[in-house]
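> Structure file target_24.cif (mmCIF, C-alpha atoms) is given on the next line.
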```cif
data_target
#
loop_
_atom_site.group_PDB
_atom_site.id
_atom_site.type_symbol
_atom_site.label_atom_id
_atom_site.label_comp_id
_atom_site.auth_asym_id
_atom_site.auth_seq_id
_atom_site.Cartn_x
_atom_site.Cartn_y
_atom_site.Cartn_z
ATOM 1 C CA MET G 15 7.657 -5.284 -25.096
ATOM 2 C CA ASN G 16 7.957 -4.269 -28.755
ATOM 3 C CA HIS G 17 8.375 -0.559 -28.093
ATOM 4 C CA PRO G 18 11.831 0.851 -28.865
ATOM 5 C CA LEU G 19 13.667 3.128 -26.483
ATOM 6 C CA PHE G 20 12.609 6.654 -27.430
ATOM 7 C CA VAL G 21 15.498 9.162 -27.350
ATOM 8 C CA ALA G 22 14.924 12.863 -27.988
ATOM 9 C CA TYR G 23 18.160 14.220 -29.408
ATOM 10 C CA SER G 24 19.560 16.459 -32.118
ATOM 11 C CA ASP G 25 22.865 18.246 -32.533
ATOM 12 C CA THR G 26 21.032 21.475 -31.673
ATOM 13 C CA TYR G 27 21.749 20.416 -28.083
ATOM 14 C CA LEU G 28 25.458 20.994 -28.729
ATOM 15 C CA SER G 29 24.820 24.750 -28.819
ATOM 16 C CA TRP G 30 24.035 24.677 -25.084
ATOM 17 C CA LEU G 31 27.215 26.600 -24.274
ATOM 18 C CA LEU G 32 26.661 28.486 -21.036
ATOM 19 C CA GLY G 33 28.882 31.035 -19.359
ATOM 20 C CA ASP G 34 31.278 32.622 -21.834
ATOM 21 C CA GLY G 35 30.255 30.183 -24.563
ATOM 22 C CA ASP G 36 33.802 28.919 -25.015
ATOM 23 C CA GLY G 37 33.087 25.321 -24.039
ATOM 24 C CA LYS G 38 34.734 25.650 -20.638
ATOM 25 C CA HIS G 39 31.485 25.781 -18.655
ATOM 26 C CA PRO G 40 30.833 22.631 -16.570
ATOM 27 C CA THR G 41 27.723 21.706 -18.559
ATOM 28 C CA ASN G 42 29.540 20.515 -21.664
ATOM 29 C CA PRO G 43 26.710 19.301 -23.937
ATOM 30 C CA VAL G 44 28.901 16.761 -25.716
ATOM 31 C CA ARG G 45 27.868 14.372 -22.925
ATOM 32 C CA ALA G 46 24.401 14.127 -24.506
ATOM 33 C CA LYS G 47 25.812 13.208 -27.914
ATOM 34 C CA LEU G 48 28.169 10.617 -26.432
ATOM 35 C CA ALA G 49 25.429 9.029 -24.313
ATOM 36 C CA THR G 50 23.148 8.798 -27.337
ATOM 37 C CA GLU G 51 25.906 7.147 -29.361
ATOM 38 C CA LEU G 52 26.613 4.632 -26.583
ATOM 39 C CA LEU G 53 22.933 3.727 -26.386
ATOM 40 C CA ALA G 54 22.746 3.321 -30.152
ATOM 41 C CA ASP G 55 25.728 0.972 -30.039
ATOM 42 C CA CYS G 56 24.236 -1.287 -27.387
ATOM 43 C CA LEU G 57 20.547 -1.190 -28.377
ATOM 44 C CA ALA G 58 20.713 -0.891 -32.191
ATOM 45 C CA ASP G 59 17.210 -1.423 -33.615
ATOM 46 C CA ASP G 60 15.691 -1.261 -30.130
ATOM 47 C CA MET G 61 16.279 2.498 -30.103
ATOM 48 C CA GLN G 62 14.561 5.324 -31.964
ATOM 49 C CA ILE G 63 16.128 8.812 -32.073
ATOM 50 C CA VAL G 64 13.556 11.560 -32.556
ATOM 51 C CA ASP G 65 14.075 15.231 -33.376
ATOM 52 C CA PRO G 66 13.031 17.258 -30.321
ATOM 53 C CA ALA G 67 11.977 20.211 -32.469
ATOM 54 C CA PRO G 68 10.189 18.964 -35.595
ATOM 55 C CA ARG G 69 8.689 21.349 -38.112
ATOM 56 C CA GLY G 70 5.206 22.549 -37.314
ATOM 57 C CA SER G 71 5.455 22.066 -33.549
ATOM 58 C CA ALA G 72 7.060 25.343 -32.458
ATOM 59 C CA LYS G 73 3.869 27.353 -31.917
ATOM 60 C CA ARG G 74 2.239 24.683 -29.785
ATOM 61 C CA ASP G 75 5.460 23.989 -27.878
ATOM 62 C CA LEU G 76 5.842 27.694 -27.119
ATOM 63 C CA ALA G 77 2.302 27.787 -25.768
ATOM 64 C CA ILE G 78 3.179 24.886 -23.447
ATOM 65 C CA LEU G 79 6.355 26.637 -22.314
ATOM 66 C CA ASN G 80 4.367 29.782 -21.519
ATOM 67 C CA GLU G 81 1.997 27.726 -19.373
ATOM 68 C CA VAL G 82 4.897 26.303 -17.374
ATOM 69 C CA HIS G 83 6.950 29.494 -17.023
ATOM 70 C CA ASP G 84 6.182 33.174 -16.703
ATOM 71 C CA PRO G 85 5.632 34.460 -20.275
ATOM 72 C CA ALA G 86 7.786 37.535 -19.707
ATOM 73 C CA TYR G 87 10.647 35.319 -18.569
ATOM 74 C CA VAL G 88 10.154 33.060 -21.598
ATOM 75 C CA LYS G 89 10.114 36.003 -24.002
ATOM 76 C CA ARG G 90 13.273 37.503 -22.530
ATOM 77 C CA THR G 91 15.113 34.181 -22.533
ATOM 78 C CA LEU G 92 14.163 33.223 -26.083
ATOM 79 C CA ALA G 93 15.306 36.664 -27.186
ATOM 80 C CA GLY G 94 18.716 35.506 -25.993
ATOM 81 C CA VAL G 95 18.985 37.139 -22.572
ATOM 82 C CA ASN G 96 19.487 34.971 -19.484
ATOM 83 C CA GLY G 97 21.875 35.008 -16.546
ATOM 84 C CA GLU G 98 23.161 31.518 -17.373
ATOM 85 C CA TRP G 99 25.199 32.908 -20.272
ATOM 86 C CA ARG G 100 27.005 36.107 -21.166
ATOM 87 C CA GLY G 101 25.398 38.778 -23.298
ATOM 88 C CA THR G 102 22.629 38.132 -25.805
ATOM 89 C CA ASN G 103 22.776 34.711 -27.435
ATOM 90 C CA LYS G 104 19.745 33.441 -29.323
ATOM 91 C CA LYS G 105 21.557 30.259 -30.371
ATOM 92 C CA VAL G 106 21.978 29.111 -26.772
ATOM 93 C CA ALA G 107 18.383 30.081 -26.048
ATOM 94 C CA ALA G 108 17.201 28.008 -29.030
ATOM 95 C CA ALA G 109 19.131 25.021 -27.692
ATOM 96 C CA GLY G 110 17.472 25.439 -24.304
ATOM 97 C CA PHE G 111 14.046 25.543 -25.939
ATOM 98 C CA ALA G 112 14.894 22.458 -27.983
ATOM 99 C CA MET G 113 15.880 20.622 -24.811
ATOM 100 C CA PHE G 114 12.497 21.436 -23.253
ATOM 101 C CA ARG G 115 10.786 20.369 -26.471
ATOM 102 C CA GLY G 116 12.608 17.048 -26.289
ATOM 103 C CA THR G 117 10.706 16.277 -23.119
ATOM 104 C CA ILE G 118 7.442 17.342 -24.779
ATOM 105 C CA ARG G 119 8.154 14.749 -27.484
ATOM 106 C CA ALA G 120 8.908 12.120 -24.820
ATOM 107 C CA VAL G 121 5.657 12.818 -22.977
ATOM 108 C CA GLU G 122 3.732 12.606 -26.249
ATOM 109 C CA ALA G 123 5.367 9.279 -27.087
ATOM 110 C CA ILE G 124 4.484 7.760 -23.721
ATOM 111 C CA LEU G 125 0.919 9.080 -23.686
ATOM 112 C CA SER G 126 0.282 7.879 -27.249
ATOM 113 C CA GLY G 127 1.582 4.410 -26.434
ATOM 114 C CA LYS G 128 4.440 4.677 -28.953
ATOM 115 C CA ALA G 129 6.998 4.334 -26.161
ATOM 116 C CA LYS G 130 7.228 2.879 -22.684
ATOM 117 C CA VAL G 131 10.694 4.212 -21.853
ATOM 118 C CA ALA G 132 11.826 7.613 -23.096
ATOM 119 C CA PHE G 133 15.095 9.472 -22.547
ATOM 120 C CA ASN G 134 16.050 13.095 -23.044
ATOM 121 C CA PRO G 135 19.788 13.364 -22.285
ATOM 122 C CA GLN G 136 19.537 17.145 -21.946
ATOM 123 C CA GLY G 137 16.333 16.918 -19.928
ATOM 124 C CA ALA G 138 15.633 17.166 -16.195
ATOM 125 C CA LYS G 139 16.621 20.826 -15.782
ATOM 126 C CA HIS G 140 15.504 20.523 -12.211
ATOM 127 C CA HIS G 141 16.641 23.831 -10.685
ATOM 128 C CA ALA G 142 14.689 26.184 -12.975
ATOM 129 C CA ARG G 143 11.882 28.152 -11.338
ATOM 130 C CA LYS G 144 8.731 29.642 -12.839
ATOM 131 C CA ASN G 145 10.215 33.068 -13.505
ATOM 132 C CA ARG G 146 13.973 32.573 -13.367
ATOM 133 C CA SER G 147 16.827 30.265 -14.222
ATOM 134 C CA SER G 148 18.949 28.608 -11.574
ATOM 135 C CA GLY G 149 21.893 26.241 -11.361
ATOM 136 C CA PHE G 150 22.534 25.877 -15.120
ATOM 137 C CA CYS G 151 18.801 25.176 -15.657
ATOM 138 C CA VAL G 152 16.562 27.491 -17.708
ATOM 139 C CA PHE G 153 13.300 25.666 -18.521
ATOM 140 C CA ASN G 154 11.899 23.077 -16.101
ATOM 141 C CA ASP G 155 10.872 20.214 -18.360
ATOM 142 C CA MET G 156 10.212 17.712 -15.562
ATOM 143 C CA ALA G 157 7.750 20.017 -13.818
ATOM 144 C CA TYR G 158 5.972 20.280 -17.166
ATOM 145 C CA ALA G 159 6.029 16.503 -17.687
ATOM 146 C CA ALA G 160 4.622 15.751 -14.240
ATOM 147 C CA LYS G 161 1.729 18.161 -14.759
ATOM 148 C CA ALA G 162 1.086 16.871 -18.279
ATOM 149 C CA PHE G 163 0.857 13.271 -17.118
ATOM 150 C CA LYS G 164 -1.465 14.288 -14.289
ATOM 151 C CA ALA G 165 -3.665 16.222 -16.726
ATOM 152 C CA ALA G 166 -3.850 13.078 -18.874
ATOM 153 C CA GLY G 167 -5.256 11.119 -15.922
ATOM 154 C CA LEU G 168 -2.069 9.352 -14.813
ATOM 155 C CA LYS G 169 -0.444 9.327 -11.368
ATOM 156 C CA PRO G 170 3.139 10.523 -11.827
ATOM 157 C CA LEU G 171 5.959 10.244 -9.314
ATOM 158 C CA TYR G 172 9.227 12.127 -9.715
ATOM 159 C CA ILE G 173 12.524 10.709 -8.420
ATOM 160 C CA ASP G 174 15.830 12.579 -8.618
ATOM 161 C CA TRP G 175 19.261 11.205 -7.691
ATOM 162 C CA ASP G 176 21.306 14.114 -9.000
ATOM 163 C CA ILE G 177 23.726 15.005 -6.207
ATOM 164 C CA HIS G 178 22.139 18.479 -6.134
ATOM 165 C CA ALA G 179 18.600 18.672 -4.750
ATOM 166 C CA GLY G 180 15.719 18.954 -7.205
ATOM 167 C CA ASP G 181 14.519 22.235 -5.736
ATOM 168 C CA GLY G 182 12.919 23.687 -8.855
ATOM 169 C CA VAL G 183 10.714 20.657 -9.459
ATOM 170 C CA TYR G 184 9.817 20.589 -5.769
ATOM 171 C CA ASP G 185 8.850 24.265 -5.863
ATOM 172 C CA MET G 186 6.910 24.137 -9.122
ATOM 173 C CA LEU G 187 4.912 21.057 -8.101
ATOM 174 C CA LYS G 188 3.774 22.415 -4.744
ATOM 175 C CA GLY G 189 0.037 22.005 -4.374
ATOM 176 C CA GLU G 190 -0.204 19.543 -7.270
ATOM 177 C CA GLY G 191 -0.381 16.405 -5.131
ATOM 178 C CA ILE G 192 2.446 14.848 -7.144
ATOM 179 C CA PRO G 193 5.009 12.996 -4.994
ATOM 180 C CA THR G 194 8.667 13.904 -5.423
ATOM 181 C CA ILE G 195 11.747 12.114 -4.096
ATOM 182 C CA SER G 196 15.157 13.782 -4.176
ATOM 183 C CA ILE G 197 18.355 11.980 -3.126
ATOM 184 C CA HIS G 198 21.018 14.639 -2.751
ATOM 185 C CA HIS G 199 23.905 16.127 -0.780
ATOM 186 C CA ALA G 200 22.657 17.639 2.466
ATOM 187 C CA ASN G 201 24.686 20.834 2.488
ATOM 188 C CA ILE G 202 25.619 22.058 -0.992
ATOM 189 C CA TYR G 203 23.730 24.028 -3.646
ATOM 190 C CA PRO G 204 20.802 24.771 -3.879
ATOM 191 C CA GLY G 205 20.147 25.121 -0.127
ATOM 192 C CA GLU G 206 16.457 24.200 -0.198
ATOM 193 C CA PHE G 207 15.142 23.948 3.379
ATOM 194 C CA GLY G 208 12.055 22.048 2.258
ATOM 195 C CA ILE G 209 14.067 18.956 1.279
ATOM 196 C CA GLN G 210 17.699 19.454 2.404
ATOM 197 C CA SER G 211 18.822 18.920 6.000
ATOM 198 C CA LEU G 212 21.519 21.628 5.705
ATOM 199 C CA ASP G 213 22.992 20.545 9.029
ATOM 200 C CA GLY G 214 25.498 17.894 8.023
ATOM 201 C CA THR G 215 23.231 14.951 8.756
ATOM 202 C CA ARG G 216 22.142 12.022 6.636
ATOM 203 C CA ARG G 217 18.442 12.170 7.294
ATOM 204 C CA GLU G 218 15.119 12.403 5.539
ATOM 205 C CA VAL G 219 13.333 15.741 5.266
ATOM 206 C CA HIS G 220 9.652 15.280 4.519
ATOM 207 C CA ASP G 221 7.290 18.030 3.381
ATOM 208 C CA GLU G 222 4.143 16.083 4.103
ATOM 209 C CA GLU G 223 1.748 18.675 2.699
ATOM 210 C CA ASN G 224 3.443 18.599 -0.697
ATOM 211 C CA HIS G 225 4.325 14.879 -0.759
ATOM 212 C CA ALA G 226 8.017 15.773 -1.041
ATOM 213 C CA TYR G 227 10.805 13.583 0.323
ATOM 214 C CA GLY G 228 14.396 14.730 0.628
ATOM 215 C CA ILE G 229 16.878 11.915 1.314
ATOM 216 C CA ASN G 230 20.141 13.531 2.334
ATOM 217 C CA VAL G 231 23.616 12.094 1.820
ATOM 218 C CA LEU G 232 27.016 13.603 2.637
ATOM 219 C CA GLY G 233 30.168 14.421 0.730
ATOM 220 C CA GLY G 234 32.216 11.367 -0.156
ATOM 221 C CA ASP G 235 29.369 8.900 0.398
ATOM 222 C CA GLY G 236 29.556 5.810 -1.751
ATOM 223 C CA ASP G 237 27.370 3.052 -3.091
ATOM 224 C CA ASP G 238 26.376 1.738 0.338
ATOM 225 C CA VAL G 239 24.689 5.026 1.274
ATOM 226 C CA PHE G 240 23.280 5.509 -2.222
ATOM 227 C CA ILE G 241 21.790 2.008 -2.289
ATOM 228 C CA ALA G 242 20.203 2.547 1.126
ATOM 229 C CA ALA G 243 18.657 5.755 -0.198
ATOM 230 C CA ILE G 244 17.349 3.919 -3.267
ATOM 231 C CA ASP G 245 15.814 1.279 -0.992
ATOM 232 C CA ARG G 246 14.044 4.021 0.950
ATOM 233 C CA ALA G 247 12.839 5.550 -2.315
ATOM 234 C CA ALA G 248 11.422 2.147 -3.283
ATOM 235 C CA GLU G 249 9.393 2.119 -0.059
ATOM 236 C CA ILE G 250 7.975 5.542 -0.893
ATOM 237 C CA ILE G 251 7.094 4.417 -4.407
ATOM 238 C CA ASP G 252 5.274 1.428 -2.904
ATOM 239 C CA THR G 253 3.187 3.860 -0.850
ATOM 240 C CA TYR G 254 2.017 5.884 -3.845
ATOM 241 C CA LYS G 255 1.873 3.193 -6.553
ATOM 242 C CA PRO G 256 2.412 5.637 -9.452
ATOM 243 C CA ASP G 257 1.500 4.711 -12.992
ATOM 244 C CA VAL G 258 4.320 6.681 -14.602
ATOM 245 C CA LEU G 259 7.803 7.339 -13.206
ATOM 246 C CA LEU G 260 9.855 10.451 -13.955
ATOM 247 C CA VAL G 261 13.589 10.084 -13.299
ATOM 248 C CA ALA G 262 16.258 12.788 -13.063
ATOM 249 C CA ALA G 263 19.246 10.486 -13.553
ATOM 250 C CA GLY G 264 22.031 12.832 -12.537
ATOM 251 C CA ALA G 265 25.532 11.387 -12.835
ATOM 252 C CA ASP G 266 27.276 14.084 -10.827
ATOM 253 C CA GLY G 267 27.609 11.821 -7.793
ATOM 254 C CA HIS G 268 29.971 9.581 -9.756
ATOM 255 C CA THR G 269 33.296 8.954 -8.090
ATOM 256 C CA GLY G 270 36.298 10.895 -9.318
ATOM 257 C CA THR G 271 37.011 14.531 -10.030
ATOM 258 C CA GLY G 272 34.734 16.337 -12.435
ATOM 259 C CA ASN G 273 34.244 19.929 -13.515
ATOM 260 C CA LEU G 274 32.659 20.679 -10.137
ATOM 261 C CA GLY G 275 35.221 18.698 -8.165
ATOM 262 C CA GLN G 276 34.503 15.455 -6.334
ATOM 263 C CA ILE G 277 31.220 15.363 -4.444
ATOM 264 C CA ALA G 278 30.376 11.694 -3.889
ATOM 265 C CA ASN G 279 31.742 8.243 -4.652
ATOM 266 C CA TYR G 280 28.920 6.458 -6.461
ATOM 267 C CA THR G 281 29.999 3.860 -9.008
ATOM 268 C CA GLU G 282 28.319 1.852 -11.728
ATOM 269 C CA VAL G 283 27.250 -0.613 -8.999
ATOM 270 C CA GLY G 284 25.054 1.974 -7.312
ATOM 271 C CA PHE G 285 23.706 3.459 -10.513
ATOM 272 C CA LYS G 286 22.775 0.045 -11.900
ATOM 273 C CA TYR G 287 21.044 -0.828 -8.626
ATOM 274 C CA ALA G 288 19.026 2.388 -8.877
ATOM 275 C CA ALA G 289 18.084 1.634 -12.491
ATOM 276 C CA GLU G 290 17.015 -1.897 -11.619
ATOM 277 C CA MET G 291 14.770 -0.553 -8.869
ATOM 278 C CA ILE G 292 13.113 1.882 -11.259
ATOM 279 C CA ALA G 293 12.487 -0.869 -13.811
ATOM 280 C CA ALA G 294 11.011 -3.166 -11.178
ATOM 281 C CA LYS G 295 8.639 -0.509 -9.847
ATOM 282 C CA ALA G 296 7.666 0.570 -13.354
ATOM 283 C CA LEU G 297 6.718 -3.000 -14.166
ATOM 284 C CA GLU G 298 4.873 -3.409 -10.881
ATOM 285 C CA TYR G 299 2.821 -0.203 -10.971
ATOM 286 C CA ALA G 300 3.301 1.783 -14.174
ATOM 287 C CA ASN G 301 2.928 -0.663 -17.067
ATOM 288 C CA GLY G 302 6.599 -0.005 -17.785
ATOM 289 C CA ARG G 303 6.198 3.760 -18.292
ATOM 290 C CA VAL G 304 9.377 5.704 -17.443
ATOM 291 C CA LEU G 305 10.555 9.143 -18.561
ATOM 292 C CA ILE G 306 14.263 9.809 -17.924
ATOM 293 C CA GLY G 307 16.171 13.090 -18.074
ATOM 294 C CA GLY G 308 19.941 13.318 -17.833
ATOM 295 C CA ALA G 309 20.107 16.126 -15.235
ATOM 296 C CA GLY G 310 23.660 16.886 -14.042
ATOM 297 C CA GLY G 311 26.951 15.241 -14.850
ATOM 298 C CA TYR G 312 30.312 16.972 -14.866
ATOM 299 C CA GLN G 313 32.645 14.320 -16.264
ATOM 300 C CA PRO G 314 31.338 14.855 -19.800
ATOM 301 C CA LEU G 315 33.706 12.779 -21.887
ATOM 302 C CA LYS G 316 33.465 9.430 -20.107
ATOM 303 C CA GLU G 317 31.794 8.894 -16.734
ATOM 304 C CA THR G 318 28.654 10.938 -17.356
ATOM 305 C CA PRO G 319 27.696 9.506 -20.779
ATOM 306 C CA GLU G 320 28.637 6.003 -19.630
ATOM 307 C CA THR G 321 26.481 6.355 -16.517
ATOM 308 C CA TRP G 322 23.503 7.661 -18.470
ATOM 309 C CA ALA G 323 23.832 4.853 -21.006
ATOM 310 C CA LEU G 324 24.079 2.269 -18.216
ATOM 311 C CA VAL G 325 21.034 3.608 -16.375
ATOM 312 C CA VAL G 326 18.844 4.034 -19.442
ATOM 313 C CA SER G 327 19.764 0.711 -21.068
ATOM 314 C CA THR G 328 19.272 -1.141 -17.770
ATOM 315 C CA ILE G 329 15.828 0.358 -17.272
ATOM 316 C CA TYR G 330 14.837 -0.313 -20.887
ATOM 317 C CA ASN G 331 16.194 -3.875 -21.080
ATOM 318 C CA ASN G 332 14.709 -4.904 -17.725
ATOM 319 C CA ILE G 333 11.308 -3.544 -18.658
ATOM 320 C CA LYS G 334 11.501 -5.196 -22.078
ATOM 321 C CA LYS G 335 12.264 -8.534 -20.457
ATOM 322 C CA GLY G 336 9.578 -8.183 -17.805
ATOM 323 C CA ALA G 337 6.751 -6.815 -19.917
#
```
Can you dump the structure from the file as structure tokens?

Amino acid sequence: MNHPLFVAYSDTYLSWLLGDGDGKHPTNPVRAKLATELLADCLADDMQIVDPAPRGSAKRDLAILNEVHDPAYVKRTLAGVNGEWRGTNKKVAAAGFAMFRGTIRAVEAILSGKAKVAFNPQGAKHHARKNRSSGFCVFNDMAYAAKAFKAAGLKPLYIDWDIHAGDGVYDMLKGEGIPTISIHHANIYPGEFGIQSLDGTRREVHDEENHAYGINVLGGDGDDVFIAAIDRAAEIIDTYKPDVLLVAAGADGHTGTGNLGQIANYTEVGFKYAAEMIAAKALEYANGRVLIGGAGGYQPLKETPETWALVVSTIYNNIKKGA
């Protein structure tokens, strides 16, 4: 494979300062910069960094955003008003729009054949709903990407191993016939009955009508449980045989205490196993096509960027070798 890893990133992302805007909010955007730097160090010329918001694309990108979300919600948010931050802040809103646009660029790169594997470190805002923000997520770029790939004639499948359930993507893809897999804590936020067990059990919740699979883990679970969940996800992928994979590669299940406390005990062993599975299935069914968004990660200075870099580089290198 001669295609470089496509990374949508600019320092505009660093303005994603939620809450009071003082940098103390759990979603410290420096994690995206650090992950991008780590990938550049290990991949060198095999990586291409692309501006998520190039000149001349804003009008078209806004039209896409208004198709995905309620236009009144979009207008209010881009004017700087959203419950994820205090007061009116157009700079934060512009960063959120840029993050969504990064996934537009990634979709374009994959559909044009310029990239097989694309990564948006501030992508996979998987809690956002059509007319409201939720869980630190404002614009749902993965719901957009799944619909865009389907409209282009591909068969997308979305897989999410953020420790918080991918409820917004699940909700926004209902009726689309696009399979979704979410591996998440059974009992914590967001409390989505359609894919969370919410009863303290490690079990699968299947919304058959909407092709949605919720694989529930519990607090403190480690690599053994995570790997078993990844194996189950592989079986589901085998059922659908998608020709493009969308991955919300949340790192918030990483062991240790983060800005949201300690939720699970996944390590680099589990995350690498998950990445290797994605690469194998992408080679088997999807001609190597994978779109990756960072999703959550609340150890922003070390564990989160290192986990994203490990997952993305493993997927890219394995697909490059196997193509």
> For this file, the PyMOL selection byres ((chain G and resi 140) around 7) selects which residues, as a short mmCIF file (atom, residue, chain, number, x, y, z; two decimals) with C-alpha atoms, in the coordinates of the input?

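Once everything was written out, this is out-v4.cif:
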```
data_model
loop_
_atom_site.label_atom_id
_atom_site.label_comp_id
_atom_site.auth_asym_id
_atom_site.auth_seq_id
_atom_site.Cartn_x
_atom_site.Cartn_y
_atom_site.Cartn_z
CA ALA G 138 15.63 17.17 -16.20
CA LYS G 139 16.62 20.83 -15.78
CA HIS G 141 16.64 23.83 -10.68
CA ALA G 142 14.69 26.18 -12.98
CA CYS G 151 18.80 25.18 -15.66
CA ASN G 154 11.90 23.08 -16.10
CA MET G 156 10.21 17.71 -15.56
CA GLY G 180 15.72 18.95 -7.20
CA ASP G 181 14.52 22.24 -5.74
CA GLY G 182 12.92 23.69 -8.86
CA VAL G 183 10.71 20.66 -9.46
#
```
> Please enumerate the residues selected by the PyMOL selection byres ((chain G and resi 90-96) around 8) when evaluated against the supplied file, formatted as a PyMOL selection string.
chain G and resi 86-89+97-108+111+147
> Closest to Thr269 of chain G among G:Asp60, G:Asp235, G:Glu290, G:Asp185, using all atoms listed in the file?
G:Asp235
> Apply the PyMOL selection byres ((chain G and resi 315) around 10) to the displayed file and report the matching residues as a PyMOL selection string.
chain G and resi 42-49+312-314+316-320
> Name the closest residue to Leu187 of chain G among the candidates G:Ala323, G:Ala159, G:Ile202, G:Ala72; distances are taken between atoms, counting all atoms listed in the file.
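Closest to Leu187 of chain G, using all atoms listed in the file: G:Ala159.
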> Quick one: residues within 9 Å of Ser211 of chain G, all atoms listed in the file counted, chain neighbours fewer than 2 positions away excluded, as a ChimeraX atom specification?
/G:199-201,205-209,213-219,228-230
> Please measure the separation of atom CA of Ile78 of chain G and atom CA of Ala165 of chain G, giving the value in Å to one decimal.
12.9 Å
> How many Å lie between atom CA of Tyr203 of chain G and atom CA of Leu274 of chain G, rounded to one decimal?
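Separation between atom CA of Tyr203 of chain G and atom CA of Leu274 of chain G: 11.5 Å.
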> If I take atom CA of His178 of chain G and atom CA of Gly234 of chain G, how far is one from the other in Å, to one decimal?
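One can read the atom CA of His178 of chain G to atom CA of Gly234 of chain G distance as 13.7 Å.
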> Rank nothing, just name the residue among G:Leu259, G:Val231, G:Ala22, G:Ala58 nearest to Ser327 of chain G, using only C-alpha atoms.
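Between G:Leu259, G:Val231, G:Ala22, G:Ala58, the residue approaching Ser327 of chain G most closely is G:Ala58.
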> Nearest to Asp155 of chain G among G:Asp75, G:Glu51, G:Glu249, G:Glu298, with distances taken over all atoms listed in the file: which residue is it?
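Counting all atoms listed in the file, the residue closest to Asp155 of chain G is G:Asp75.
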> I'd like to know which of G:Ile251, G:Ala293, G:Ile124, G:Cys56 is closest to Ala337 of chain G, using only C-alpha atoms.
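Ranking G:Ile251, G:Ala293, G:Ile124, G:Cys56 by distance to Ala337 of chain G, first place goes to G:Ala293.
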> Select all residues near (6.3, 0.1, -25.8) (cut-off 10 Å, inclusive, file coordinates), counting all atoms listed in the file, and output them as number ranges by chain.
G: 15-20, 123-124, 126-132, 301-303, 330, 333-334, 337
> What's around segment 286-289 of chain G at 8 Å? Count all atoms listed in the file, leave out sequence neighbours fewer than 2 positions away in its own chain, and write the answer as an MDAnalysis selection string.
chainID G and resid 241 244 282:284 291:293 324:326 328:329
> Go ahead and save the residues from that selection, with C-alpha atoms, as a PDB file, in the frame of the given file.

```pdb
ATOM      1  CA  ILE G 241      21.790   2.008  -2.289  1.00  0.00           C
ATOM      2  CA  ILE G 244      17.349   3.919  -3.267  1.00  0.00           C
ATOM      3  CA  GLU G 282      28.319   1.852 -11.728  1.00  0.00           C
ATOM      4  CA  VAL G 283      27.250  -0.613  -8.999  1.00  0.00           C
ATOM      5  CA  GLY G 284      25.054   1.974  -7.312  1.00  0.00           C
ATOM      6  CA  MET G 291      14.770  -0.553  -8.869  1.00  0.00           C
ATOM      7  CA  ILE G 292      13.113   1.882 -11.259  1.00  0.00           C
ATOM      8  CA  ALA G 293      12.487  -0.869 -13.811  1.00  0.00           C
ATOM      9  CA  LEU G 324      24.079   2.269 -18.216  1.00  0.00           C
ATOM     10  CA  VAL G 325      21.034   3.608 -16.375  1.00  0.00           C
ATOM     11  CA  VAL G 326      18.844   4.034 -19.442  1.00  0.00           C
ATOM     12  CA  THR G 328      19.272  -1.141 -17.770  1.00  0.00           C
ATOM     13  CA  ILE G 329      15.828   0.358 -17.272  1.00  0.00           C
TER      14      ILE G 329
END
```
> Which polymer residues have any atom within 7 Å of an atom of segment 114-118 of chain G, counting all atoms listed in the file, with same-chain residues fewer than 4 positions away left out, as a list of chain:residue names?
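Residues near the query, excluding close chain neighbours: G:Ala22, G:Tyr23, G:Pro66, G:Ala67, G:Asp75, G:Gly110, G:Glu122, G:Asn134, G:Gly137, G:Phe153, G:Asp155.
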> Taking all atoms listed in the file into account, which of G:Leu52, G:Val21, G:Val258, G:Gly70 comes nearest Ala166 of chain G?
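Checking each of G:Leu52, G:Val21, G:Val258, G:Gly70 against Ala166 of chain G, counting all atoms listed in the file, the winner is G:Val258.
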